file run_3.cif (mmCIF, C-alpha atoms)
data_query
loop_
_atom_site.label_atom_id
_atom_site.label_comp_id
_atom_site.auth_asym_id
_atom_site.auth_seq_id
_atom_site.Cartn_x
_atom_site.Cartn_y
_atom_site.Cartn_z
CA MET J 1 119.90 81.65 23.36
CA GLU J 2 121.64 78.49 24.50
CA VAL J 3 121.77 77.66 28.22
CA GLU J 4 124.44 75.28 29.46
CA VAL J 5 125.02 74.10 33.03
CA ARG J 6 128.38 72.60 34.04
CA VAL J 7 128.65 70.97 37.47
CA GLU J 8 131.96 71.70 39.17
CA ARG J 9 132.47 69.69 42.34
CA GLY J 10 133.59 71.81 45.31
CA ARG J 11 132.38 75.15 43.92
CA ARG J 12 130.56 77.08 46.67
CA GLU J 13 128.79 79.75 44.60
CA PRO J 14 127.48 79.47 41.04
CA LYS J 15 129.35 81.49 38.37
CA ILE J 16 127.66 82.65 35.18
CA VAL J 17 129.63 83.52 32.02
CA ILE J 18 127.76 84.99 29.06
CA LEU J 19 129.29 84.31 25.64
CA ALA J 20 128.14 86.81 23.01
CA GLY J 21 129.37 88.06 19.63
CA GLU J 22 128.89 91.67 20.71
CA GLU J 23 127.44 93.60 23.66
CA THR J 24 123.82 94.13 22.59
CA GLU J 25 120.94 95.65 24.54
CA GLU J 26 119.61 92.14 25.18
CA VAL J 27 122.93 91.05 26.72
CA ARG J 28 123.08 94.16 28.88
CA ARG J 29 119.53 93.48 30.12
CA LEU J 30 120.47 89.88 30.86
CA VAL J 31 123.49 91.00 32.89
CA GLU J 32 121.33 93.47 34.78
CA GLN J 33 118.74 90.80 35.62
CA LEU J 34 121.40 88.32 36.72
CA GLU J 35 123.12 90.88 38.90
CA LYS J 36 119.87 91.54 40.71
CA LEU J 37 119.40 87.84 41.27
CA ARG J 38 121.76 87.36 44.17
CA LEU J 39 121.79 83.75 45.17
CA ASP J 40 124.74 83.75 47.58
CA PRO J 41 124.01 81.56 50.58
CA VAL J 42 124.01 83.33 53.94
CA PRO J 43 126.71 82.42 56.49
CA VAL J 44 125.18 81.75 59.90
CA ARG J 45 126.26 80.27 63.23
CA ARG J 46 124.48 77.71 65.38
CA GLY J 47 126.59 77.70 68.54
CA GLU J 48 130.08 76.78 67.40
CA GLU J 49 128.84 75.35 64.10
CA ARG J 50 129.19 77.49 60.96
CA LEU J 51 126.66 76.96 58.18
CA LEU J 52 125.82 78.35 54.76
CA LEU J 53 122.07 78.39 54.19
CA PRO J 54 120.17 79.34 51.01
CA GLN J 55 118.45 82.74 51.14
CA GLU J 56 114.95 81.46 50.51
CA ARG J 57 114.98 79.56 53.83
CA PHE J 58 115.01 82.77 55.87
CA LEU J 59 111.93 84.61 57.10
CA ARG J 60 113.77 87.64 58.45
CA PHE J 61 117.05 89.14 59.65
CA TYR J 62 117.01 91.47 62.63
CA THR J 63 119.23 93.18 65.16
CA ASP J 64 118.59 92.15 68.76
CA GLY J 65 121.08 94.15 70.79
CA LYS J 66 123.76 91.42 70.69
CA GLY J 67 124.15 91.40 66.92
CA VAL J 68 122.25 90.26 63.87
CA SER J 69 119.99 87.21 64.03
CA ALA J 70 118.39 85.26 61.22
CA GLN J 71 115.11 83.42 61.64
CA THR J 72 113.90 80.54 59.52
CA GLY J 73 110.59 78.70 59.95
CA GLU J 74 112.21 76.38 62.46
CA GLU J 75 115.06 78.11 64.29
CA THR J 76 117.08 81.26 64.84
CA PHE J 77 120.77 81.68 63.98
CA ALA J 78 123.42 84.29 64.69
CA VAL J 79 124.77 86.07 61.59
CA PRO J 80 128.41 87.27 61.50
CA LEU J 81 127.52 90.27 59.31
CA ARG J 82 126.11 93.75 59.83
CA LEU J 83 122.55 94.36 58.66
CA TYR J 84 123.67 96.71 55.85
CA GLU J 85 126.20 94.11 54.66
CA LEU J 86 123.44 91.52 54.58
CA GLU J 87 121.18 93.92 52.69
CA GLU J 88 123.87 94.15 49.99
CA ARG J 89 124.15 90.36 49.68
CA LEU J 90 120.46 89.49 49.70
CA ASP J 91 118.19 89.15 46.65
CA LYS J 92 116.72 92.63 46.31
CA ARG J 93 113.55 91.32 44.71
CA ARG J 94 112.77 89.10 47.68
CA PHE J 95 114.26 90.80 50.75
CA VAL J 96 113.40 94.31 51.86
CA ARG J 97 114.28 96.41 54.88
CA ILE J 98 111.15 97.27 56.88
CA SER J 99 112.74 99.20 59.74
CA ASN J 100 116.18 100.29 60.94
CA GLY J 101 116.70 96.89 62.53
CA GLU J 102 114.90 94.38 60.32
CA ILE J 103 114.92 92.86 56.83
CA ILE J 104 112.14 90.46 55.82
CA ASN J 105 111.49 87.94 53.07
CA LEU J 106 108.52 89.29 51.06
CA ASP J 107 107.75 85.83 49.70
CA ARG J 108 106.91 84.64 53.22
CA VAL J 109 104.46 87.44 54.15
CA THR J 110 101.04 85.91 54.85
CA ALA J 111 99.20 88.92 56.30
CA VAL J 112 99.50 92.69 56.72
CA ASP J 113 97.54 94.40 59.51
CA LEU J 114 97.06 97.98 60.60
CA SER J 115 96.37 98.96 64.22
CA LEU J 116 94.38 102.02 65.34
CA SER J 117 97.64 103.75 66.27
CA GLY J 118 98.99 103.27 62.74
CA THR J 119 101.35 100.37 63.44
CA ILE J 120 101.75 98.12 60.39
CA ARG J 121 102.32 94.49 61.32
CA MET J 122 103.45 91.86 58.83
CA THR J 123 102.90 88.18 59.60
CA LEU J 124 105.50 85.79 58.18
CA ASP J 125 104.49 82.18 57.61
CA GLY J 126 101.40 82.79 59.74
CA ALA J 127 103.32 82.86 63.02
CA VAL J 128 106.18 85.38 63.11
CA TYR J 129 105.39 89.09 63.48
CA ALA J 130 107.45 91.96 62.07
CA TYR J 131 106.63 95.64 62.54
CA VAL J 132 107.04 98.04 59.62
CA SER J 133 108.43 101.51 60.21
CA ARG J 134 106.39 104.15 58.36
CA ARG J 135 109.58 105.61 56.88
CA TYR J 136 110.17 102.37 54.94
CA VAL J 137 106.65 101.91 53.51
CA LYS J 138 107.46 103.82 50.31
CA LYS J 139 110.57 101.70 49.70
CA ILE J 140 108.65 98.46 50.26
CA LYS J 141 105.99 99.54 47.77
CA GLU J 142 108.66 100.47 45.21
CA THR J 143 110.32 97.06 45.62
CA LEU J 144 107.01 95.25 45.19
CA MET J 145 106.01 97.34 42.17
CA ARG J 146 109.41 96.75 40.51
CA GLU J 147 109.10 93.04 41.16
CA GLY J 148 105.55 93.02 39.78
CA ARG J 149 106.67 94.83 36.58
CA GLU J 150 109.56 92.41 36.10
CA ARG J 151 107.26 89.41 36.52
CA HIS J 152 104.87 90.66 33.83
CA MET Z 1 121.13 119.22 66.29
CA THR Z 2 119.46 116.54 64.17
CA GLU Z 3 117.87 117.38 60.83
CA GLU Z 4 114.44 116.44 62.16
CA ARG Z 5 114.76 118.74 65.16
CA LYS Z 6 115.94 121.59 62.96
CA LYS Z 7 112.91 121.16 60.68
CA SER Z 8 110.60 121.09 63.71
CA LEU Z 9 112.07 124.33 65.06
CA ILE Z 10 111.65 126.05 61.68
CA ARG Z 11 108.02 124.89 61.55
CA ILE Z 12 107.37 126.16 65.10
CA LEU Z 13 108.97 129.51 64.24
CA ILE Z 14 106.99 130.02 61.01
CA GLY Z 15 103.74 128.87 62.70
CA GLY Z 16 104.44 131.11 65.70
CA ILE Z 17 105.03 134.21 63.53
CA LEU Z 18 101.86 133.58 61.52
CA GLY Z 19 99.92 132.94 64.75
CA LEU Z 20 101.26 136.21 66.19
CA LEU Z 21 100.12 138.16 63.10
CA VAL Z 22 96.69 136.52 63.14
CA GLY Z 23 96.44 137.26 66.87
CA LEU Z 24 97.33 140.95 66.40
CA VAL Z 25 94.60 141.31 63.74
CA LEU Z 26 91.87 139.07 65.16
CA VAL Z 27 92.06 139.57 68.94
CA PRO Z 28 90.91 143.26 68.89
CA TYR Z 29 88.26 142.34 66.31
CA VAL Z 30 86.84 139.50 68.44
CA MET Z 31 86.95 141.61 71.63
CA TYR Z 32 85.40 144.69 69.98
CA SER Z 33 88.23 146.71 71.45
CA ARG Z 34 91.39 148.52 70.41
CA GLU Z 35 93.23 146.82 73.20
CA CYS Z 36 95.11 143.67 72.58
CA PRO Z 37 95.66 141.54 75.72
CA PRO Z 38 99.26 140.26 75.54
CA LEU Z 39 98.31 136.85 76.94
CA ALA Z 40 95.74 136.34 74.16
CA VAL Z 41 98.30 137.27 71.49
CA LEU Z 42 100.84 134.99 73.16
CA ALA Z 43 98.28 132.15 73.08
CA CYS Z 44 97.71 132.84 69.34
CA ALA Z 45 101.45 132.69 68.64
CA ALA Z 46 101.77 129.47 70.67
CA LEU Z 47 98.80 127.91 68.86
CA GLY Z 48 100.42 128.89 65.54
CA GLY Z 49 103.60 127.13 66.66
CA MET Z 50 101.62 124.03 67.61
CA ALA Z 51 99.80 124.10 64.24
CA GLY Z 52 103.22 124.22 62.54
CA LEU Z 53 104.11 121.01 64.35
CA ALA Z 54 100.76 119.36 63.68
CA THR Z 55 101.97 116.76 61.17
CA GLN Z 56 104.99 115.65 63.23
CA PRO Z 57 103.13 113.34 65.68
CA PHE Z 58 101.87 111.31 62.71
CA ALA Z 59 105.32 110.74 61.22
CA ASP Z 60 105.77 107.64 63.37
CA SER Z 61 103.47 104.88 64.54
CA GLY Z 62 102.46 102.89 67.61
CA ARG Z 63 103.61 104.06 71.03
CA ALA Z 64 105.65 106.99 69.65
CA LEU Z 65 102.61 108.28 67.76
CA LEU Z 66 100.34 108.01 70.81
CA LEU Z 67 102.84 109.77 73.08
CA ARG Z 68 103.60 112.55 70.59
CA SER Z 69 99.89 113.07 69.80
CA ALA Z 70 98.99 113.18 73.50
CA GLY Z 71 101.80 115.67 74.21
CA HIS Z 72 100.79 117.84 71.25
CA PHE Z 73 97.12 117.76 72.29
CA ILE Z 74 97.82 118.63 75.93
CA LEU Z 75 99.95 121.65 74.99
CA THR Z 76 97.50 122.82 72.31
CA ALA Z 77 94.56 122.39 74.72
CA ALA Z 78 96.40 124.46 77.37
CA PHE Z 79 97.10 127.35 74.94
CA PHE Z 80 93.56 127.11 73.57
CA ALA Z 81 92.07 127.30 77.08
CA LEU Z 82 94.21 130.40 77.72
CA LEU Z 83 92.89 131.99 74.51
CA VAL Z 84 89.27 131.11 75.34
CA VAL Z 85 89.60 132.67 78.81
CA GLU Z 86 91.45 135.77 77.57
CA LEU Z 87 88.87 136.40 74.83
CA ASP Z 88 85.98 135.99 77.32
CA MET Z 89 84.55 133.17 75.23
CA ALA Z 90 83.67 131.17 78.35
CA SER Z 91 82.04 132.32 81.56
CA ASP Z 92 82.81 129.20 83.61
CA TRP Z 93 84.91 126.04 83.41
CA VAL Z 94 82.03 124.05 81.84
CA GLU Z 95 82.14 126.36 78.82
CA VAL Z 96 85.94 126.05 78.67
CA LEU Z 97 85.43 122.28 78.62
CA PHE Z 98 82.92 122.67 75.80
CA TRP Z 99 85.54 124.51 73.67
CA GLU Z 100 88.14 121.90 74.61
CA GLY Z 101 85.65 119.22 73.53
CA LEU Z 102 85.41 120.88 70.11
CA LEU Z 103 89.21 120.92 69.89
CA GLY Z 104 89.22 117.20 70.82
CA LEU Z 105 86.71 116.53 68.05
CA LEU Z 106 88.95 118.33 65.56
CA TYR Z 107 91.88 116.16 66.68
CA LEU Z 108 89.75 113.05 66.25
CA LEU Z 109 88.83 114.10 62.71
CA ILE Z 110 92.48 114.75 61.79
CA TRP Z 111 93.49 111.39 63.27
CA LEU Z 112 90.69 109.66 61.30
CA GLY Z 113 91.92 111.33 58.09
CA ARG Z 114 95.47 110.11 58.73
CA TRP Z 115 94.25 106.63 59.58
CA ILE Z 116 92.35 106.38 56.30
CA GLY Z 117 95.60 107.35 54.52
CA TRP Z 118 97.49 104.58 56.35
CA TYR Z 119 94.68 102.15 55.55
CA ALA Z 120 95.01 102.95 51.83
CA GLU Z 121 98.77 102.29 52.05
CA VAL Z 122 98.24 98.95 53.77
CA SER Z 123 95.58 97.97 51.19
CA GLN Z 124 98.08 98.73 48.45
CA LEU Z 125 100.73 96.61 50.19
CA ARG Z 126 98.27 93.73 50.50
CA GLU Z 127 97.39 94.00 46.82
CA LEU Z 128 101.05 94.10 45.75
CA LEU Z 129 101.81 91.08 47.93
CA GLY Z 130 98.85 89.20 46.43
CA LEU Z 131 97.10 88.88 49.81
CA ASP Z 132 93.42 89.09 50.73
CA PRO Z 133 92.09 92.67 50.87
CA GLY Z 134 91.78 92.46 54.70
CA PRO Z 135 89.22 94.17 56.94
CA THR Z 136 87.28 97.24 55.79
CA PRO Z 137 88.16 100.70 57.23
CA LEU Z 138 87.38 100.67 60.96
CA LYS Z 139 85.77 97.26 60.24
CA TRP Z 140 82.49 98.89 59.22
CA ARG Z 141 81.45 95.98 57.03
CA GLU Z 142 82.30 93.45 59.74
CA THR Z 143 80.20 95.48 62.23
CA LEU Z 144 77.20 95.71 59.87
CA PRO Z 145 75.68 92.27 60.71
CA TYR Z 146 75.49 93.43 64.34
CA LEU Z 147 73.55 96.58 63.49
CA PRO Z 148 70.13 94.83 63.75
CA PHE Z 149 71.06 93.75 67.32
CA VAL Z 150 72.07 97.31 68.13
CA LEU Z 151 68.83 98.71 66.72
CA LEU Z 152 66.81 96.11 68.60
CA LEU Z 153 68.69 96.61 71.86
CA CYS Z 154 69.17 100.36 71.87
CA THR Z 155 66.15 101.64 69.95
CA ALA Z 156 63.33 99.14 69.38
CA ALA Z 157 63.35 97.40 72.81
CA PRO Z 158 63.14 100.53 75.02
CA LEU Z 159 60.45 102.03 72.78
CA ALA Z 160 58.45 98.79 72.83
CA LEU Z 161 58.84 98.44 76.60
CA ARG Z 162 57.62 102.01 77.13
CA GLY Z 163 54.63 101.17 74.90
CA ILE Z 164 53.88 98.10 77.06
CA GLU Z 165 54.19 100.18 80.23
CA ARG Z 166 51.73 102.71 78.87
CA ALA Z 167 49.34 99.99 77.70
CA MET Z 168 49.42 98.48 81.19
CA GLY Z 169 48.79 101.89 82.73
CA THR Z 170 51.91 101.79 84.92
CA ASP Z 171 52.28 104.96 87.02
CA ILE Z 172 56.05 104.76 87.45
CA PRO Z 173 57.95 103.52 84.37
CA ALA Z 174 60.46 101.53 86.47
CA LEU Z 175 61.29 99.15 83.63
CA THR Z 176 62.29 101.77 81.05
CA GLY Z 177 63.41 104.29 83.66
CA ILE Z 178 65.69 102.15 85.79
CA ILE Z 179 65.80 98.41 85.10
CA TYR Z 180 66.35 98.54 81.34
CA PRO Z 181 68.93 101.35 81.07
CA MET Z 182 70.78 100.50 84.28
CA LEU Z 183 70.83 96.73 84.15
CA ILE Z 184 69.54 95.05 81.00
CA LEU Z 185 71.08 97.48 78.48
CA PRO Z 186 74.67 97.42 79.88
CA VAL Z 187 74.68 93.63 80.27
CA ALA Z 188 73.23 93.02 76.79
CA SER Z 189 75.60 95.58 75.19
CA PHE Z 190 78.53 93.89 76.88
CA CYS Z 191 77.45 90.44 75.66
CA VAL Z 192 76.90 91.58 72.05
CA GLY Z 193 80.26 93.43 72.10
CA LEU Z 194 81.92 90.28 73.47
CA SER Z 195 80.47 88.17 70.66
CA LEU Z 196 81.59 90.70 68.03
CA GLY Z 197 85.07 90.96 69.57
CA LYS Z 198 85.49 87.17 69.59
CA ARG Z 199 84.44 86.87 65.98
CA ARG Z 200 85.90 90.01 64.41
CA GLY Z 201 88.33 91.58 66.88
CA LEU Z 202 88.21 95.25 67.81
CA CYS Z 203 85.37 97.06 65.98
CA PRO Z 204 85.49 100.72 67.10
CA LEU Z 205 82.26 101.61 65.30
CA PHE Z 206 80.21 99.19 67.41
CA PRO Z 207 80.16 101.28 70.63
CA VAL Z 208 79.60 104.40 68.49
CA ALA Z 209 76.56 102.75 66.87
CA CYS Z 210 75.21 101.81 70.34
CA PHE Z 211 75.68 105.42 71.49
CA VAL Z 212 73.97 106.94 68.43
CA CYS Z 213 71.05 104.48 68.37
CA TYR Z 214 70.33 105.07 72.05
CA LEU Z 215 70.65 108.84 71.59
CA LEU Z 216 67.40 108.77 69.58
CA VAL Z 217 65.65 107.00 72.46
CA VAL Z 218 66.95 109.51 75.01
CA PHE Z 219 65.24 112.37 73.21
CA VAL Z 220 62.03 110.41 72.50
CA LEU Z 221 61.53 108.82 75.93
CA TYR Z 222 63.48 111.04 78.29
CA ASN Z 223 65.27 114.38 77.95
CA SER Z 224 68.84 115.68 77.83
CA SER Z 225 69.34 114.85 81.53
CA ALA Z 226 69.36 111.15 80.53
CA LEU Z 227 72.19 111.59 78.03
CA PHE Z 228 74.47 109.60 80.33
CA HIS Z 229 72.35 106.53 79.45
CA CYS Z 230 74.18 106.52 76.09
CA PHE Z 231 77.41 105.77 77.94
CA LEU Z 232 75.63 102.93 79.78
CA THR Z 233 75.45 101.14 76.45
CA ALA Z 234 78.59 102.43 74.68
CA VAL Z 235 81.08 101.77 77.51
CA PRO Z 236 79.99 98.15 78.22
CA ALA Z 237 79.84 97.56 74.44
CA LEU Z 238 83.46 98.72 74.15
CA GLY Z 239 84.46 96.69 77.23
CA GLY Z 240 82.83 93.54 75.84
CA ASN Z 241 84.44 94.13 72.46
CA LEU Z 242 87.89 94.50 74.06
CA LEU Z 243 87.39 91.38 76.19
CA GLY Z 244 86.29 89.50 73.06
CA LEU Z 245 89.45 90.69 71.33
CA CYS Z 246 91.59 89.38 74.21
CA LEU Z 247 89.79 86.02 74.14
CA ARG Z 248 90.27 85.87 70.37
CA ARG Z 249 93.99 86.41 70.80
CA VAL Z 250 94.20 83.71 73.47
CA ARG Z 251 92.10 81.22 71.50
CA PRO Z 252 91.62 82.25 67.85
CA THR Z 253 88.24 81.25 66.41
CA GLY Z 254 88.88 82.34 62.83
CA GLY Z 255 86.50 84.55 60.83
#

call {"tool": "encode", "arguments": {"input": "run_3.cif", "output": "structure tokens"}}
result
Amino acid sequence: MEVEVRVERGRREPKIVILAGEETEEVRRLVEQLEKLRLDPVPVRRGEERLLLPQERFLRFYTDGKGVSAQTGEETFAVPLRLYELEERLDKRRFVRISNGEIINLDRVTAVDLSLSGTIRMTLDGAVYAYVSRRYVKKIKETLMREGRERH
Amino acid sequence: MTEERKKSLIRILIGGILGLLVGLVLVPYVMYSRECPPLAVLACAALGGMAGLATQPFADSGRALLLRSAGHFILTAAFFALLVVELDMASDWVEVLFWEGLLGLLYLLIWLGRWIGWYAEVSQLRELLGLDPGPTPLKWRETLPYLPFVLLLCTAAPLALRGIERAMGTDIPALTGIIYPMLILPVASFCVGLSLGKRRGLCPLFPVACFVCYLLVVFVLYNSSALFHCFLTAVPALGGNLLGLCLRRVRPTGG
């Protein structure tokens, strides 16, 4: 399989075109994998400034009463999208919803703790805490297992 | 009506009907009578309803779980007390408290079972995320290095001191009767708990170990009237452990 990259100045999102003689199982699998790999940058606001930041920079997205916020290792931004819209845009292998109001980046989880009252706390980058709702534990495990299978 | 509420009502109804049937069969049998006190049958039906709801408090976590569990326990304990009184299983309030204590123990066991299930889930998450395995269930392995201190403090020291008192021919065993259990034991338990809390955080088995190790001493050196001594080690041990946990949170020491 040949891989070719063409740089197009001004393009905001990468576009992938697969050229094939016929639609084989291999091509279908490739399309499936690429579709899962959502790399769209996330639009955020810092005051009046509008930015597009790459997904891997974010630790978590959460609702805080005023709207949706996005937290990176350094700062917090406002996001002009609903949480379910964000969930659709984010890389499903990396981001997972852990409660009704929060999506986290699994790659940035550094610890998982359980309290005596059954609260599951995830630590992101060693400093930010996120609390997992029990109803989402099954989904998180499924995401991680799927990701593990795909890696092997 | 939400789906969850509808399910809860169905569970209460099924549990209540089964409880009513069990009550109608068992109450006359337990009372050696053909009569069936309506309050006892009502208590059976209510307990059946509460049993039907038993898994609901554990569906959530944190504050919601604690509030739901407490509410469920209080209601169940009230219906259970009614049943105990109606079936003449207790002659005074102390006996009612004994039965309630057994119910509390059952709750504790159920909670422990659920907690172990949650622990297994969290272990799996840690493994899938490629993280360290984390602390052992209820931090039993982390508590283990402190067991020699507990044995020394709560078992060996009082026995040795009593031996010294006897060897010296002391008439009144003031050291093992008053000074050790009332002063030295609580202070030492607190200090050891503090050290454990600072190093390992909350270790719920530590105060339990203190209680159990001192229990042996109570029956060897004293009698059942000195059972409260066990709390003189377990409560300060828990207090020290909690203070250690707070200090650890304020100034983490690692480990």

call {"tool": "atom_distance", "arguments": {"input": "run_3.cif", "atom1": "CA of Glu74 (chain J)", "atom2": "CA of Arg57 (chain J)"}}
result
9.6 Å

call {"tool": "residues_around", "arguments": {"input": "run_3.cif", "residues": "Tyr62 (chain J)", "least_positions_apart": "6", "cutoff": "6 Å", "atoms": "all atoms listed in the file", "output": "PyMOL selection string"}}
result
chain J and resi 68-69+101-102

call {"tool": "residues_around", "arguments": {"input": "run_3.cif", "residues": "Glu147 (chain J)", "least_positions_apart": "6", "cutoff": "12 Å", "atoms": "only C-alpha atoms", "output": "JSON list (two decimals) with C-alpha atoms, in the coordinates of the input"}}
result
[["chain", "number", "residue", "atom", "x", "y", "z"],
["J", 33, "GLN", "CA", 118.74, 90.80, 35.62],
["J", 36, "LYS", "CA", 119.87, 91.54, 40.71],
["J", 37, "LEU", "CA", 119.40, 87.84, 41.27],
["J", 91, "ASP", "CA", 118.19, 89.15, 46.65],
["J", 92, "LYS", "CA", 116.72, 92.63, 46.31],
["J", 93, "ARG", "CA", 113.55, 91.32, 44.71],
["J", 94, "ARG", "CA", 112.77, 89.10, 47.68],
["J", 95, "PHE", "CA", 114.26, 90.80, 50.75],
["J", 96, "VAL", "CA", 113.40, 94.31, 51.86],
["J", 106, "LEU", "CA", 108.52, 89.29, 51.06],
["J", 107, "ASP", "CA", 107.75, 85.83, 49.70],
["J", 140, "ILE", "CA", 108.65, 98.46, 50.26],
["J", 141, "LYS", "CA", 105.99, 99.54, 47.77],
["Z", 128, "LEU", "CA", 101.05, 94.10, 45.75],
["Z", 129, "LEU", "CA", 101.81, 91.08, 47.93]]

call {"tool": "closest_residue", "arguments": {"input": "run_3.cif", "among": "Z:Asp60, Z:Glu165, Z:Glu127, Z:Asp171", "to": "chain J", "atoms": "all atoms listed in the file"}}
result
Z:Asp60

call {"tool": "atom_distance", "arguments": {"input": "run_3.cif", "atom1": "CA of Leu97 (chain Z)", "atom2": "CA of Leu75 (chain Z)"}}
result
15.0 Å

call {"tool": "build_atoms", "arguments": {"input": "run_3.cif", "residues": "region 127-141 of chain J", "atoms": "N, CA and C atoms", "output": "compact mmCIF listing (two decimals), in the frame of the given file"}}
result
# COMPACT_ATOMS: atom_id res chain seq x y z
N ALA J 127 102.99 82.97 61.59
CA ALA J 127 103.32 82.86 63.02
C ALA J 127 104.31 83.89 63.54
N VAL J 128 105.14 84.44 62.66
CA VAL J 128 106.18 85.38 63.11
C VAL J 128 105.73 86.79 62.75
N TYR J 129 105.83 87.71 63.72
CA TYR J 129 105.39 89.09 63.48
C TYR J 129 106.57 90.02 63.28
N ALA J 130 106.42 90.94 62.31
CA ALA J 130 107.45 91.96 62.07
C ALA J 130 106.73 93.30 61.93
N TYR J 131 107.30 94.33 62.53
CA TYR J 131 106.63 95.64 62.54
C TYR J 131 107.32 96.60 61.57
N VAL J 132 106.51 97.20 60.70
CA VAL J 132 107.04 98.04 59.62
C VAL J 132 107.14 99.48 60.11
N SER J 133 108.29 100.09 59.88
CA SER J 133 108.43 101.51 60.21
C SER J 133 107.83 102.31 59.05
N ARG J 134 107.08 103.37 59.40
CA ARG J 134 106.39 104.15 58.36
C ARG J 134 107.36 104.72 57.34
N ARG J 135 108.59 105.02 57.78
CA ARG J 135 109.58 105.61 56.88
C ARG J 135 110.00 104.65 55.76
N TYR J 136 109.73 103.35 55.95
CA TYR J 136 110.17 102.37 54.94
C TYR J 136 109.03 101.91 54.03
N VAL J 137 107.80 102.39 54.29
CA VAL J 137 106.65 101.91 53.51
C VAL J 137 106.82 102.21 52.02
N LYS J 138 107.30 103.42 51.71
CA LYS J 138 107.46 103.82 50.31
C LYS J 138 108.45 102.87 49.60
N LYS J 139 109.55 102.57 50.29
CA LYS J 139 110.57 101.70 49.70
C LYS J 139 110.03 100.28 49.47
N ILE J 140 109.23 99.81 50.41
CA ILE J 140 108.65 98.46 50.26
C ILE J 140 107.74 98.43 49.04
N LYS J 141 106.91 99.49 48.91
CA LYS J 141 105.99 99.54 47.77
C LYS J 141 106.77 99.58 46.46
